[in-house]
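File shown: protein-v7.tsv (TSV, C-alpha atoms).
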```tsv
chain	number	residue	atom	x	y	z
A	1	MET	CA	-7.93	8.64	9.53
A	2	ARG	CA	-6.45	8.24	6.08
A	3	ALA	CA	-4.66	11.36	4.93
A	4	ARG	CA	-4.33	10.89	1.23
A	5	ARG	CA	-3.78	13.98	-0.77
A	6	ALA	CA	-5.90	14.30	-3.86
A	7	VAL	CA	-3.39	14.20	-6.66
A	8	ILE	CA	-4.36	13.48	-10.22
A	9	LEU	CA	-1.68	11.33	-11.73
A	10	GLY	CA	-1.06	8.76	-14.36
A	11	LEU	CA	-3.29	7.12	-16.90
A	12	GLY	CA	-6.49	7.32	-14.90
A	13	GLY	CA	-6.03	11.02	-14.26
A	14	GLY	CA	-7.85	13.85	-15.93
A	15	ALA	CA	-4.80	14.88	-17.95
A	16	GLY	CA	-4.40	11.38	-19.37
A	17	ALA	CA	-8.07	11.21	-20.30
A	18	ALA	CA	-7.96	14.64	-21.93
A	19	ALA	CA	-4.84	13.73	-23.88
A	20	LEU	CA	-6.49	10.59	-25.22
A	21	THR	CA	-9.62	12.49	-26.19
A	22	LEU	CA	-7.59	15.04	-28.09
A	23	GLY	CA	-5.50	12.37	-29.71
A	24	LEU	CA	-1.87	11.46	-29.33
A	25	GLY	CA	-0.93	13.21	-32.59
A	26	TRP	CA	-2.14	16.56	-31.40
A	27	TRP	CA	0.14	16.37	-28.39
A	28	ARG	CA	3.12	15.33	-30.47
A	29	SER	CA	2.63	18.12	-32.98
A	30	GLY	CA	2.13	20.58	-30.12
A	31	GLY	CA	5.50	19.66	-28.72
A	32	SER	CA	3.99	18.65	-25.38
A	33	PRO	CA	5.26	15.57	-23.59
A	34	GLN	CA	3.66	12.37	-24.81
A	35	PRO	CA	1.01	10.97	-22.52
A	36	ALA	CA	1.68	7.50	-21.14
A	37	LEU	CA	0.47	4.64	-23.30
A	38	LEU	CA	-2.58	2.63	-22.33
A	39	PRO	CA	-2.15	-0.96	-21.18
A	40	LEU	CA	-2.58	-3.57	-23.89
A	41	ALA	CA	-5.65	-5.79	-23.93
A	42	ILE	CA	-4.89	-8.94	-21.98
A	43	GLY	CA	-5.25	-11.00	-25.16
A	44	GLU	CA	-2.37	-9.02	-26.72
A	45	MET	CA	-0.07	-9.57	-23.74
A	46	ALA	CA	2.50	-12.35	-23.50
A	47	PHE	CA	3.84	-13.70	-20.21
A	48	THR	CA	4.14	-16.92	-18.25
A	49	LEU	CA	4.02	-16.49	-14.48
A	50	THR	CA	3.50	-18.85	-11.53
A	51	ASP	CA	0.91	-18.24	-8.85
A	52	HIS	CA	1.44	-18.69	-5.09
A	53	ARG	CA	-0.08	-22.17	-5.34
A	54	GLY	CA	2.48	-23.20	-7.96
A	55	ARG	CA	0.15	-23.04	-10.98
A	56	THR	CA	1.25	-21.56	-14.30
A	57	VAL	CA	-0.65	-18.42	-15.35
A	58	THR	CA	-0.70	-16.99	-18.88
A	59	PRO	CA	-2.90	-14.19	-20.32
A	60	ALA	CA	-5.30	-16.79	-21.75
A	61	ASP	CA	-6.16	-17.85	-18.20
A	62	TRP	CA	-7.56	-14.39	-17.50
A	63	ILE	CA	-9.81	-14.10	-20.56
A	64	GLY	CA	-13.48	-14.69	-19.81
A	65	ARG	CA	-13.45	-12.99	-16.42
A	66	PRO	CA	-12.82	-9.35	-15.52
A	67	THR	CA	-9.35	-8.79	-14.05
A	68	LEU	CA	-8.07	-6.56	-11.24
A	69	ALA	CA	-4.27	-6.43	-10.96
A	70	PHE	CA	-1.73	-4.62	-8.82
A	71	PHE	CA	2.09	-4.56	-8.98
A	72	GLY	CA	4.01	-4.59	-5.70
A	73	PHE	CA	6.41	-6.56	-3.52
A	74	THR	CA	6.21	-8.16	-0.11
A	75	TRP	CA	9.12	-6.20	1.42
A	76	CYS	CA	7.10	-3.00	0.83
A	77	PRO	CA	6.07	-1.45	4.19
A	78	ASP	CA	3.46	1.13	3.18
A	79	VAL	CA	1.95	1.13	-0.32
A	80	CYS	CA	1.52	-2.62	-0.83
A	81	PRO	CA	-0.16	-3.68	2.43
A	82	THR	CA	-2.34	-0.56	2.20
A	83	THR	CA	-3.44	-1.35	-1.36
A	84	LEU	CA	-3.96	-5.07	-0.67
A	85	SER	CA	-6.02	-4.16	2.37
A	86	ASP	CA	-8.05	-1.72	0.23
A	87	ILE	CA	-8.54	-4.44	-2.41
A	88	SER	CA	-9.64	-6.88	0.31
A	89	LEU	CA	-12.26	-4.37	1.52
A	90	TRP	CA	-13.50	-3.77	-2.03
A	91	LEU	CA	-13.88	-7.52	-2.62
A	92	GLU	CA	-15.86	-7.83	0.61
A	93	ASP	CA	-18.06	-4.88	-0.41
A	94	LEU	CA	-18.68	-6.43	-3.83
A	95	GLY	CA	-19.72	-9.69	-2.16
A	96	PRO	CA	-20.40	-12.64	-4.48
A	97	ASP	CA	-19.85	-10.42	-7.57
A	98	ALA	CA	-16.16	-10.38	-6.65
A	99	ASP	CA	-16.00	-14.16	-7.16
A	100	ARG	CA	-16.19	-13.45	-10.91
A	101	LEU	CA	-12.94	-11.43	-10.83
A	102	ASN	CA	-9.36	-12.52	-11.43
A	103	VAL	CA	-7.50	-10.66	-8.68
A	104	ALA	CA	-3.72	-10.62	-9.15
A	105	PHE	CA	-0.89	-9.24	-7.00
A	106	ILE	CA	2.12	-9.31	-9.36
A	107	THR	CA	5.49	-9.01	-7.65
A	108	VAL	CA	8.11	-6.67	-9.12
A	109	ASP	CA	10.70	-8.28	-6.82
A	110	PRO	CA	10.88	-11.92	-7.98
A	111	GLU	CA	14.36	-12.18	-6.47
A	112	ARG	CA	12.88	-12.21	-2.95
A	113	ASP	CA	9.22	-13.00	-3.69
A	114	THR	CA	9.20	-16.71	-4.45
A	115	GLU	CA	5.97	-18.72	-4.61
A	116	ALA	CA	6.34	-19.70	-0.94
A	117	VAL	CA	7.00	-16.10	0.17
A	118	LEU	CA	3.96	-14.89	-1.79
A	119	ALA	CA	1.80	-17.66	-0.29
A	120	ASP	CA	2.73	-16.53	3.25
A	121	TYR	CA	2.05	-12.93	2.33
A	122	VAL	CA	-1.29	-13.17	0.51
A	123	ALA	CA	-2.64	-15.36	3.35
A	124	ASN	CA	-2.97	-12.08	5.28
A	125	PHE	CA	-5.47	-10.66	2.81
A	126	ASP	CA	-8.68	-11.67	1.02
A	127	PRO	CA	-8.32	-15.29	-0.19
A	128	ARG	CA	-9.45	-14.27	-3.68
A	129	ILE	CA	-6.14	-12.41	-4.19
A	130	THR	CA	-3.62	-14.50	-6.15
A	131	GLY	CA	0.10	-13.75	-5.86
A	132	LEU	CA	2.12	-14.05	-9.09
A	133	THR	CA	5.86	-14.35	-9.59
A	134	GLY	CA	8.26	-15.66	-12.22
A	135	PRO	CA	11.67	-15.11	-13.76
A	136	LEU	CA	12.62	-11.42	-13.98
A	137	ALA	CA	12.27	-11.52	-17.78
A	138	GLU	CA	8.63	-12.66	-17.45
A	139	VAL	CA	7.89	-10.00	-14.83
A	140	GLU	CA	9.35	-7.45	-17.27
A	141	ARG	CA	7.08	-8.80	-20.01
A	142	VAL	CA	3.92	-8.56	-17.93
A	143	ALA	CA	4.87	-5.03	-16.79
A	144	ALA	CA	5.49	-4.04	-20.42
A	145	GLY	CA	2.02	-5.27	-21.38
A	146	PHE	CA	0.48	-3.23	-18.59
A	147	ARG	CA	2.72	-0.25	-19.47
A	148	ALA	CA	3.73	-0.47	-15.81
A	149	ARG	CA	7.23	0.37	-14.60
A	150	PHE	CA	9.44	-0.78	-11.78
A	151	GLU	CA	12.98	-0.13	-10.69
A	152	LYS	CA	15.30	-1.52	-8.03
A	153	VAL	CA	16.64	1.17	-5.69
A	154	PRO	CA	19.57	0.53	-3.29
A	155	GLN	CA	18.68	1.37	0.30
A	156	ASP	CA	21.02	1.10	3.29
A	157	GLY	CA	22.76	-2.11	2.29
A	158	SER	CA	19.55	-3.64	0.94
A	159	TYR	CA	17.15	-2.45	-1.74
A	160	THR	CA	13.61	-1.32	-2.26
A	161	MET	CA	11.48	-1.16	-5.40
A	162	ASN	CA	9.83	1.83	-7.02
A	163	HIS	CA	6.80	0.64	-8.94
A	164	THR	CA	3.56	1.64	-10.64
A	165	ALA	CA	1.08	1.89	-7.79
A	166	GLY	CA	-2.30	2.01	-9.56
A	167	VAL	CA	-4.80	-0.85	-9.58
A	168	PHE	CA	-5.51	-1.98	-13.17
A	169	LEU	CA	-8.97	-3.10	-14.30
A	170	PHE	CA	-9.79	-5.11	-17.43
A	171	ARG	CA	-13.13	-6.31	-18.79
A	172	ALA	CA	-13.99	-9.99	-19.19
A	173	ASP	CA	-12.97	-9.93	-22.88
A	174	GLY	CA	-9.54	-8.62	-21.82
A	175	ARG	CA	-9.99	-5.01	-22.92
A	176	PHE	CA	-8.43	-2.42	-20.58
A	177	ALA	CA	-11.15	-0.73	-18.50
A	178	SER	CA	-9.55	1.75	-16.08
A	179	ILE	CA	-7.02	2.39	-13.35
A	180	ILE	CA	-7.70	3.17	-9.72
A	181	ASP	CA	-4.91	5.64	-8.93
A	182	TYR	CA	-3.12	5.32	-5.61
A	183	HIS	CA	-4.12	8.74	-4.33
A	184	GLU	CA	-7.54	8.77	-5.89
A	185	ASP	CA	-10.55	9.11	-3.59
A	186	ARG	CA	-11.36	5.51	-2.61
A	187	ARG	CA	-15.10	6.17	-3.13
A	188	PHE	CA	-14.51	5.99	-6.88
A	189	ALA	CA	-13.00	2.52	-6.67
A	190	LEU	CA	-16.14	0.41	-6.33
A	191	PRO	CA	-18.00	2.05	-9.26
A	192	LYS	CA	-14.91	1.51	-11.45
A	193	ILE	CA	-14.73	-2.17	-10.51
A	194	ARG	CA	-18.48	-2.58	-11.12
A	195	ARG	CA	-18.07	-1.05	-14.59
A	196	ALA	CA	-15.27	-3.51	-15.36
A	197	LEU	CA	-17.54	-6.31	-14.12
A	198	GLY	CA	-19.97	-5.13	-16.80
A	199	ALA	CA	-22.80	-4.95	-14.31
B	1	MET	CA	-13.98	-23.15	26.94
B	2	LYS	CA	-16.15	-20.07	27.16
B	3	SER	CA	-13.93	-18.40	29.76
B	4	VAL	CA	-10.83	-19.22	27.69
B	5	ALA	CA	-12.41	-17.58	24.67
B	6	LEU	CA	-13.39	-14.56	26.72
B	7	PHE	CA	-9.88	-14.25	28.14
B	8	ALA	CA	-8.43	-14.47	24.64
B	9	ALA	CA	-10.84	-11.80	23.44
B	10	LEU	CA	-9.88	-9.49	26.29
B	11	THR	CA	-6.15	-9.87	25.80
B	12	LEU	CA	-6.57	-9.25	22.08
B	13	THR	CA	-8.67	-6.12	22.42
B	14	ALA	CA	-6.93	-4.60	25.43
B	15	PRO	CA	-3.83	-3.32	23.59
B	16	ALA	CA	-6.05	-1.26	21.27
B	17	ALA	CA	-6.37	1.19	24.16
B	18	PHE	CA	-2.69	2.13	23.85
B	19	ALA	CA	-3.07	3.55	20.35
B	20	CYS	CA	-6.06	5.55	21.49
B	21	GLU	CA	-4.37	6.92	24.60
B	22	PRO	CA	-2.86	10.37	23.92
B	23	PHE	CA	0.72	11.26	24.90
B	24	ALA	CA	1.75	14.88	25.42
B	25	VAL	CA	4.96	16.89	25.24
B	26	GLY	CA	4.89	20.69	25.36
B	27	ASP	CA	2.10	21.89	23.06
B	28	LEU	CA	2.01	18.60	21.19
B	29	THR	CA	-0.43	15.72	21.57
B	30	ILE	CA	0.59	12.40	20.04
B	31	GLU	CA	-1.99	9.67	19.52
B	32	HIS	CA	-3.05	6.77	17.32
B	33	ALA	CA	0.44	5.26	17.20
B	34	TRP	CA	0.19	1.95	15.35
B	35	SER	CA	2.09	-0.47	13.19
B	36	ARG	CA	1.38	-3.49	11.04
B	37	ALA	CA	2.37	-7.07	11.80
B	38	THR	CA	5.30	-8.32	9.71
B	39	ILE	CA	6.19	-11.74	8.36
B	40	GLY	CA	9.55	-12.41	9.97
B	41	ALA	CA	12.12	-9.78	10.97
B	42	ASP	CA	13.71	-9.34	7.52
B	43	ARG	CA	11.04	-7.06	6.16
B	44	PRO	CA	10.82	-3.44	7.29
B	45	GLY	CA	8.06	-2.54	9.73
B	46	VAL	CA	6.02	0.62	9.54
B	47	PHE	CA	5.07	3.29	12.09
B	48	TYR	CA	2.05	5.57	11.86
B	49	VAL	CA	0.97	8.29	14.30
B	50	GLU	CA	-0.98	11.55	14.57
B	51	ILE	CA	0.56	14.69	16.03
B	52	THR	CA	-1.48	17.76	16.99
B	53	ASN	CA	0.27	21.07	17.66
B	54	ALA	CA	-1.97	23.22	19.87
B	55	GLY	CA	0.73	25.85	20.31
B	56	SER	CA	1.44	29.03	18.37
B	57	ALA	CA	4.90	27.99	17.14
B	58	ASP	CA	5.68	25.60	14.31
B	59	ASP	CA	7.47	22.41	15.26
B	60	ALA	CA	8.85	19.44	13.35
B	61	LEU	CA	9.37	15.74	13.94
B	62	VAL	CA	13.08	15.29	13.29
B	63	GLY	CA	13.70	11.68	14.33
B	64	ILE	CA	12.37	8.42	15.70
B	65	ALA	CA	14.09	5.78	17.80
B	66	THR	CA	12.93	2.39	19.05
B	67	PRO	CA	14.47	-0.68	20.66
B	68	ALA	CA	12.34	-2.72	18.21
B	69	ALA	CA	14.47	-1.83	15.16
B	70	GLY	CA	18.13	-1.16	14.45
B	71	MET	CA	17.49	1.48	11.83
B	72	PRO	CA	14.24	3.44	12.21
B	73	MET	CA	13.81	6.39	9.86
B	74	LEU	CA	11.28	8.80	8.45
B	75	HIS	CA	10.08	8.25	4.90
B	76	GLU	CA	7.43	9.68	2.65
B	77	THR	CA	5.56	7.75	-0.01
B	78	VAL	CA	5.54	9.87	-3.14
B	79	VAL	CA	3.65	8.93	-6.29
B	80	THR	CA	5.01	10.60	-9.43
B	81	ASP	CA	3.52	9.74	-12.82
B	82	GLY	CA	1.85	6.75	-11.17
B	83	ILE	CA	5.15	5.38	-9.82
B	84	ALA	CA	5.41	5.02	-6.03
B	85	SER	CA	8.76	5.72	-4.41
B	86	MET	CA	9.72	6.18	-0.77
B	87	PRO	CA	12.32	8.91	-0.28
B	88	HIS	CA	13.88	9.48	3.14
B	89	SER	CA	12.55	12.57	4.96
B	90	MET	CA	14.85	14.67	7.13
B	91	SER	CA	11.86	15.97	9.10
B	92	VAL	CA	8.08	16.12	9.10
B	93	PRO	CA	6.68	19.65	9.63
B	94	VAL	CA	4.12	20.02	12.45
B	95	PRO	CA	2.79	23.57	11.91
B	96	ALA	CA	1.17	25.53	14.74
B	97	GLY	CA	-2.51	24.77	15.19
B	98	GLN	CA	-2.47	21.75	12.90
B	99	THR	CA	-2.68	17.96	13.06
B	100	VAL	CA	-0.20	16.03	10.98
B	101	ALA	CA	-0.61	12.33	10.32
B	102	LEU	CA	2.03	9.78	9.52
B	103	ALA	CA	-0.50	7.63	7.68
B	104	PRO	CA	-0.73	5.04	4.90
B	105	GLY	CA	0.28	6.57	1.59
B	106	GLY	CA	2.12	9.57	3.05
B	107	TYR	CA	4.74	10.16	5.71
B	108	HIS	CA	5.57	7.08	7.76
B	109	GLY	CA	8.26	5.68	9.99
B	110	MET	CA	10.13	2.85	8.31
B	111	LEU	CA	11.57	0.38	10.81
B	112	MET	CA	14.53	-1.33	9.16
B	113	GLY	CA	16.46	-4.02	10.97
B	114	LEU	CA	13.62	-5.31	13.16
B	115	VAL	CA	14.86	-7.16	16.23
B	116	THR	CA	11.98	-9.64	15.96
B	117	ALA	CA	8.90	-9.94	13.79
B	118	LEU	CA	6.09	-7.58	14.81
B	119	LYS	CA	3.21	-9.73	16.04
B	120	GLU	CA	-0.41	-8.64	15.90
B	121	GLY	CA	-1.62	-7.73	19.41
B	122	GLY	CA	1.86	-6.77	20.58
B	123	SER	CA	3.23	-3.31	21.25
B	124	PHE	CA	6.58	-1.52	21.37
B	125	PRO	CA	7.85	1.95	22.37
B	126	VAL	CA	8.92	4.63	19.90
B	127	THR	CA	10.65	7.82	21.01
B	128	LEU	CA	9.82	10.81	18.82
B	129	THR	CA	12.18	13.79	18.77
B	130	PHE	CA	10.75	17.20	17.94
B	131	GLN	CA	12.76	20.27	17.05
B	132	ARG	CA	11.13	22.45	19.75
B	133	ALA	CA	9.13	20.22	22.08
B	134	GLY	CA	11.90	17.67	22.60
B	135	GLU	CA	11.42	13.96	23.15
B	136	VAL	CA	8.38	11.86	23.98
B	137	THR	CA	8.02	8.08	24.09
B	138	VAL	CA	4.74	6.57	22.92
B	139	THR	CA	3.43	3.02	22.87
B	140	VAL	CA	2.78	1.62	19.42
B	141	ASP	CA	0.13	-1.07	18.90
B	142	VAL	CA	0.85	-3.76	16.35
B	143	LEU	CA	-2.33	-4.31	14.35
B	144	SER	CA	-2.94	-6.89	11.62
B	145	MET	CA	-1.23	-6.58	8.26
B	146	ARG	CA	-4.65	-5.70	6.85
B	147	ALA	CA	-5.33	-2.92	9.37
B	148	GLU	CA	-6.04	0.57	8.09
B	149	GLY	CA	-5.69	2.18	11.53
B	150	PRO	CA	-6.76	1.77	15.16
B	151	ASP	CA	-10.49	1.82	15.85
B	152	CYS	CA	-10.56	4.40	18.62
B	153	ALA	CA	-14.18	5.47	18.36
B	154	HIS	CA	-15.20	2.28	20.16
B	155	ALA	CA	-12.15	1.75	22.34
B	156	GLY	CA	-10.98	3.14	25.66
B	157	GLN	CA	-14.48	3.88	26.93
```

For the file at hand, write its structure as structure tokens.
Amino acid sequence: MRARRAVILGLGGGAGAAALTLGLGWWRSGGSPQPALLPLAIGEMAFTLTDHRGRTVTPADWIGRPTLAFFGFTWCPDVCPTTLSDISLWLEDLGPDADRLNVAFITVDPERDTEAVLADYVANFDPRITGLTGPLAEVERVAAGFRARFEKVPQDGSYTMNHTAGVFLFRADGRFASIIDYHEDRRFALPKIRRALGA
Amino acid sequence: MKSVALFAALTLTAPAAFACEPFAVGDLTIEHAWSRATIGADRPGVFYVEITNAGSADDALVGIATPAAGMPMLHETVVTDGIASMPHSMSVPVPAGQTVALAPGGYHGMLMGLVTALKEGGSFPVTLTFQRAGEVTVTVDVLSMRAEGPDCAHAGQ
């Protein structure tokens, strides 16, 4: 009974793809708004994060295996549990193939999401999902590499986070593959992940 | 041991019937009320439900109340340029002849200030206030954090 409206948004959307095909220069000269930039290849990124088991993670650790990554936070009531539950279902559908993936849930709220908090949280989802946190500056660096955005928003004496909601896919050599948009038809997710797996 | 396991299975599956049981007020039918378990009481809980308006007049959900949370409110997840945000909604339209879902990725109740953590298998009441039809209290099932909705096709037989 999922009621997701079909909205084409962001990098994975048709407009983004068309803009890239036509070339960034054409858009600039036409005076149209610039399309969002593509994520860097993982090998060009720079960040040092810590996973929910206390291990240090840098971009080099992801090279050699395809990567699926999602930005979120554990205080998030709707988008994050929904996406992590979707990701868990995809991993189950992929079966043993999914063992070849790096699967990362990167918090945009390191203030509240410590390693221990992330460990409690990811325990509710597929065990192949790794939670990542770090100092705010490192979270900003990883988001910059992904061309992802996040912002702290005050809310009734507390705060919530606005954040890029797509699921990012990279090939084993670290090249960006595609994004599964939040409101995209979930039937397109598995084929996209399989393409990133290089199957 | 077998009977203990069976008892556990029954107590775990029995609450699923609540979410599948329809509640009615005026021309409205309210069903599939569910929530997700939370870690602790600090984090906001969520409330999802389906509302069918069989009448000929438009209605709107204008508020929710529950003893389970100090500050329940209506929100809508909006994704703009790939960025998800969760603005407050003053009301959720329930047009005549239509079914409207508070569902993952769209409208939802956000339960701030939980009294206690929401535990899988538990339930709590939520009172919905509609502009025309008035108030109705429904029972909300707490499903796992991974749940994508109640499985009503196989429940309540």

Next on the checklist: Please list as a list in words every residue within 10 Å of Ile87 in chain A, counting only C-alpha atoms and excluding residues in the same chain fewer than 5 positions away.
Outcome noted: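 Everything that qualifies: Leu68, Ala69, Phe70, Pro81, Thr82, Glu92, Asp93, Val103, Phe125, Asp126, Arg128, Ile129, Val167, Ala189 and Leu190 of chain A.
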
Next on the checklist: Between A:Lys152, A:Arg65, A:Arg53, A:Arg195, which residue has the minimum interatomic distance to chain B, considering all atoms listed in the file?
Outcome noted: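 Checking each of A:Lys152, A:Arg65, A:Arg53, A:Arg195 against chain B, counting all atoms listed in the file, the winner is A:Lys152.
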
What lies within 9 Å of Leu28 in chain B using only C-alpha atoms, ignoring chain neighbours under 5 positions off, as a PDB file with C-alpha atoms, keeping the file's coordinate frame?
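Full text of out25.pdb as output:
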```
ATOM      1  CA  PHE B  23       0.720  11.260  24.900  1.00  0.00           C
ATOM      2  CA  ILE B  51       0.560  14.690  16.030  1.00  0.00           C
ATOM      3  CA  THR B  52      -1.480  17.760  16.990  1.00  0.00           C
ATOM      4  CA  ASN B  53       0.270  21.070  17.660  1.00  0.00           C
ATOM      5  CA  ALA B  54      -1.970  23.220  19.870  1.00  0.00           C
ATOM      6  CA  GLY B  55       0.730  25.850  20.310  1.00  0.00           C
ATOM      7  CA  ASP B  59       7.470  22.410  15.260  1.00  0.00           C
ATOM      8  CA  ALA B 133       9.130  20.220  22.080  1.00  0.00           C
TER       9      ALA B 133
END
```

Checklist entry - Quick one: of B:Met110, B:Met145, B:Ala96, B:Ala37, who's nearest to Met73 in chain B, counting all atoms listed in the file? => result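 Checking each of B:Met110, B:Met145, B:Ala96, B:Ala37 against Met73 in chain B, counting all atoms listed in the file, the winner is B:Met110.
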
Counting all atoms listed in the file, what are the residues of chain B within 7 Å of chain A, and for each of them which pair of atoms is the nearest and at what distance in Å, to one decimal? Sort the table by chain and rising number, as a Markdown table.
```
| residue | atom | partner | partner_atom | distance |
| --- | --- | --- | --- | --- |
| B:Arg43 | CA | A:Trp75 | CA | 5.2 |
| B:Pro44 | CA | A:Pro77 | CA | 6.0 |
| B:Gly45 | CA | A:Pro77 | CA | 6.0 |
| B:Val46 | CA | A:Pro77 | CA | 5.7 |
| B:Asp81 | CA | A:Gly10 | CA | 4.9 |
| B:Gly82 | CA | A:Gly10 | CA | 4.8 |
| B:Ile83 | CA | A:Thr164 | CA | 4.1 |
| B:Ala84 | CA | A:His163 | CA | 5.4 |
| B:Ser85 | CA | A:Asn162 | CA | 4.8 |
| B:Ala101 | CA | A:Ala3 | CA | 6.8 |
| B:Ala103 | CA | A:Arg2 | CA | 6.2 |
| B:Pro104 | CA | A:Asp78 | CA | 6.0 |
| B:Gly105 | CA | A:Val79 | CA | 6.0 |
| B:Gly106 | CA | A:Arg4 | CA | 6.8 |
| B:Met145 | CA | A:Asn124 | CA | 6.5 |
| B:Arg146 | CA | A:Ser85 | CA | 4.9 |
```

Checklist entry - Could you name the residues that touch Thr127 in chain B at 6 Å or less, counting all atoms listed in the file, but leaving out those on the same chain fewer than 5 positions away, as a PyMOL selection string? => result chain B and resi 64-65+136-137

Next on the checklist: Give me the residues near range 92-95 of chain B as a list in words, where near means some atom within 7 Å (using all atoms listed in the file) and where sequence neighbours in that chain fewer than 2 positions away do not count.
Outcome noted: Asn53, Asp58, Asp59, Ala60, Leu61, Val62, Gly97, Gln98 and Val100 of chain B

Could you please take those selected residues and save C-alpha atoms as an mmCIF file, in the coordinates of the input?
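This went into result-v1.cif:
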```cif
data_model
loop_
_atom_site.group_PDB
_atom_site.id
_atom_site.type_symbol
_atom_site.label_atom_id
_atom_site.label_comp_id
_atom_site.auth_asym_id
_atom_site.auth_seq_id
_atom_site.Cartn_x
_atom_site.Cartn_y
_atom_site.Cartn_z
ATOM 1 C CA ASN B 53 0.270 21.070 17.660
ATOM 2 C CA ASP B 58 5.680 25.600 14.310
ATOM 3 C CA ASP B 59 7.470 22.410 15.260
ATOM 4 C CA ALA B 60 8.850 19.440 13.350
ATOM 5 C CA LEU B 61 9.370 15.740 13.940
ATOM 6 C CA VAL B 62 13.080 15.290 13.290
ATOM 7 C CA GLY B 97 -2.510 24.770 15.190
ATOM 8 C CA GLN B 98 -2.470 21.750 12.900
ATOM 9 C CA VAL B 100 -0.200 16.030 10.980
#
```

Next on the checklist: Report, in Å with one decimal, the straight-line distance from CA of Leu143 in chain B to CA of Pro96 in chain A.
Outcome noted: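 Computing it gives 27.4 Å between the two atoms.
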
As JSON, please report the centre and edge lengths, rounded to one decimal in Å, of the axis-aligned box that holds all listed atoms of range 60-67 of chain A with 3 Å of padding on each of the six sides.
```
{"center_x": -9.4, "center_y": -13.3, "center_z": -17.9, "size_x": 14.2, "size_y": 15.1, "size_z": 13.7}
```

Next on the checklist: Neighbouring residues of Arg171 in chain A were defined as those with any atom within 6 Å, considering all atoms listed in the file; residues of the same chain fewer than 2 positions away were excluded. Please report them as a ChimeraX atom specification.
Outcome noted: /A:66,173-175,177,196

Residues just named, written with C-alpha atoms as a compact mmCIF listing (two decimals), keeping the file's coordinate frame:
```
# COMPACT_ATOMS: atom_id res chain seq x y z
CA PRO A 66 -12.82 -9.35 -15.52
CA ASP A 173 -12.97 -9.93 -22.88
CA GLY A 174 -9.54 -8.62 -21.82
CA ARG A 175 -9.99 -5.01 -22.92
CA ALA A 177 -11.15 -0.73 -18.50
CA ALA A 196 -15.27 -3.51 -15.36
```

Next on the checklist: So the first atom is CA of Pro150 in chain B and the second is CA of Met112 in chain B; what is the distance between them in Å, to one decimal place?
Outcome noted: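 CA of Met112 in chain B lies 22.3 Å from CA of Pro150 in chain B.
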
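Here CA of Ile63 in chain A and CA of Val108 in chain A stand 22.5 Å from one another.
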
Checklist entry - Which residue gives the smallest distance to Phe176 in chain A among A:Leu37, A:Ala119, A:Ala98, A:Ile42, with only C-alpha atoms counted? => result A:Ile42

Checklist entry - So, counting only C-alpha atoms, which residue among B:Thr29, B:Asp42, B:Pro72, B:Leu118 is closest to Arg112 in chain A? => result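 Between B:Thr29, B:Asp42, B:Pro72, B:Leu118, the residue approaching Arg112 in chain A most closely is B:Asp42.
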
Output as a PDB file, keeping the file's coordinate frame: range 38-45 of chain B, completed with N, CA, C and O atoms.
```pdb
ATOM      1  N   THR B  38       4.418  -7.962  10.835  1.00  0.00           N
ATOM      2  CA  THR B  38       5.300  -8.320   9.710  1.00  0.00           C
ATOM      3  C   THR B  38       5.469  -9.830   9.664  1.00  0.00           C
ATOM      4  O   THR B  38       5.306 -10.517  10.665  1.00  0.00           O
ATOM      5  N   ILE B  39       5.807 -10.336   8.489  1.00  0.00           N
ATOM      6  CA  ILE B  39       6.190 -11.740   8.360  1.00  0.00           C
ATOM      7  C   ILE B  39       7.695 -11.773   8.575  1.00  0.00           C
ATOM      8  O   ILE B  39       8.443 -11.241   7.758  1.00  0.00           O
ATOM      9  N   GLY B  40       8.124 -12.324   9.679  1.00  0.00           N
ATOM     10  CA  GLY B  40       9.550 -12.410   9.970  1.00  0.00           C
ATOM     11  C   GLY B  40      10.134 -11.038  10.320  1.00  0.00           C
ATOM     12  O   GLY B  40       9.414 -10.031  10.392  1.00  0.00           O
ATOM     13  N   ALA B  41      11.445 -11.019  10.571  1.00  0.00           N
ATOM     14  CA  ALA B  41      12.120  -9.780  10.970  1.00  0.00           C
ATOM     15  C   ALA B  41      12.915  -9.167   9.815  1.00  0.00           C
ATOM     16  O   ALA B  41      13.496  -8.100   9.957  1.00  0.00           O
ATOM     17  N   ASP B  42      12.935  -9.842   8.660  1.00  0.00           N
ATOM     18  CA  ASP B  42      13.710  -9.340   7.520  1.00  0.00           C
ATOM     19  C   ASP B  42      13.064  -8.129   6.868  1.00  0.00           C
ATOM     20  O   ASP B  42      13.738  -7.237   6.366  1.00  0.00           O
ATOM     21  N   ARG B  43      11.745  -8.148   6.849  1.00  0.00           N
ATOM     22  CA  ARG B  43      11.040  -7.060   6.160  1.00  0.00           C
ATOM     23  C   ARG B  43      10.979  -5.835   7.062  1.00  0.00           C
ATOM     24  O   ARG B  43      10.893  -5.966   8.278  1.00  0.00           O
ATOM     25  N   PRO B  44      10.957  -4.646   6.472  1.00  0.00           N
ATOM     26  CA  PRO B  44      10.820  -3.440   7.290  1.00  0.00           C
ATOM     27  C   PRO B  44       9.420  -3.351   7.894  1.00  0.00           C
ATOM     28  O   PRO B  44       8.436  -3.727   7.253  1.00  0.00           O
ATOM     29  N   GLY B  45       9.350  -2.853   9.125  1.00  0.00           N
ATOM     30  CA  GLY B  45       8.060  -2.540   9.730  1.00  0.00           C
ATOM     31  C   GLY B  45       7.695  -1.100   9.414  1.00  0.00           C
ATOM     32  O   GLY B  45       8.479  -0.353   8.808  1.00  0.00           O
TER      33      GLY B  45
END
```
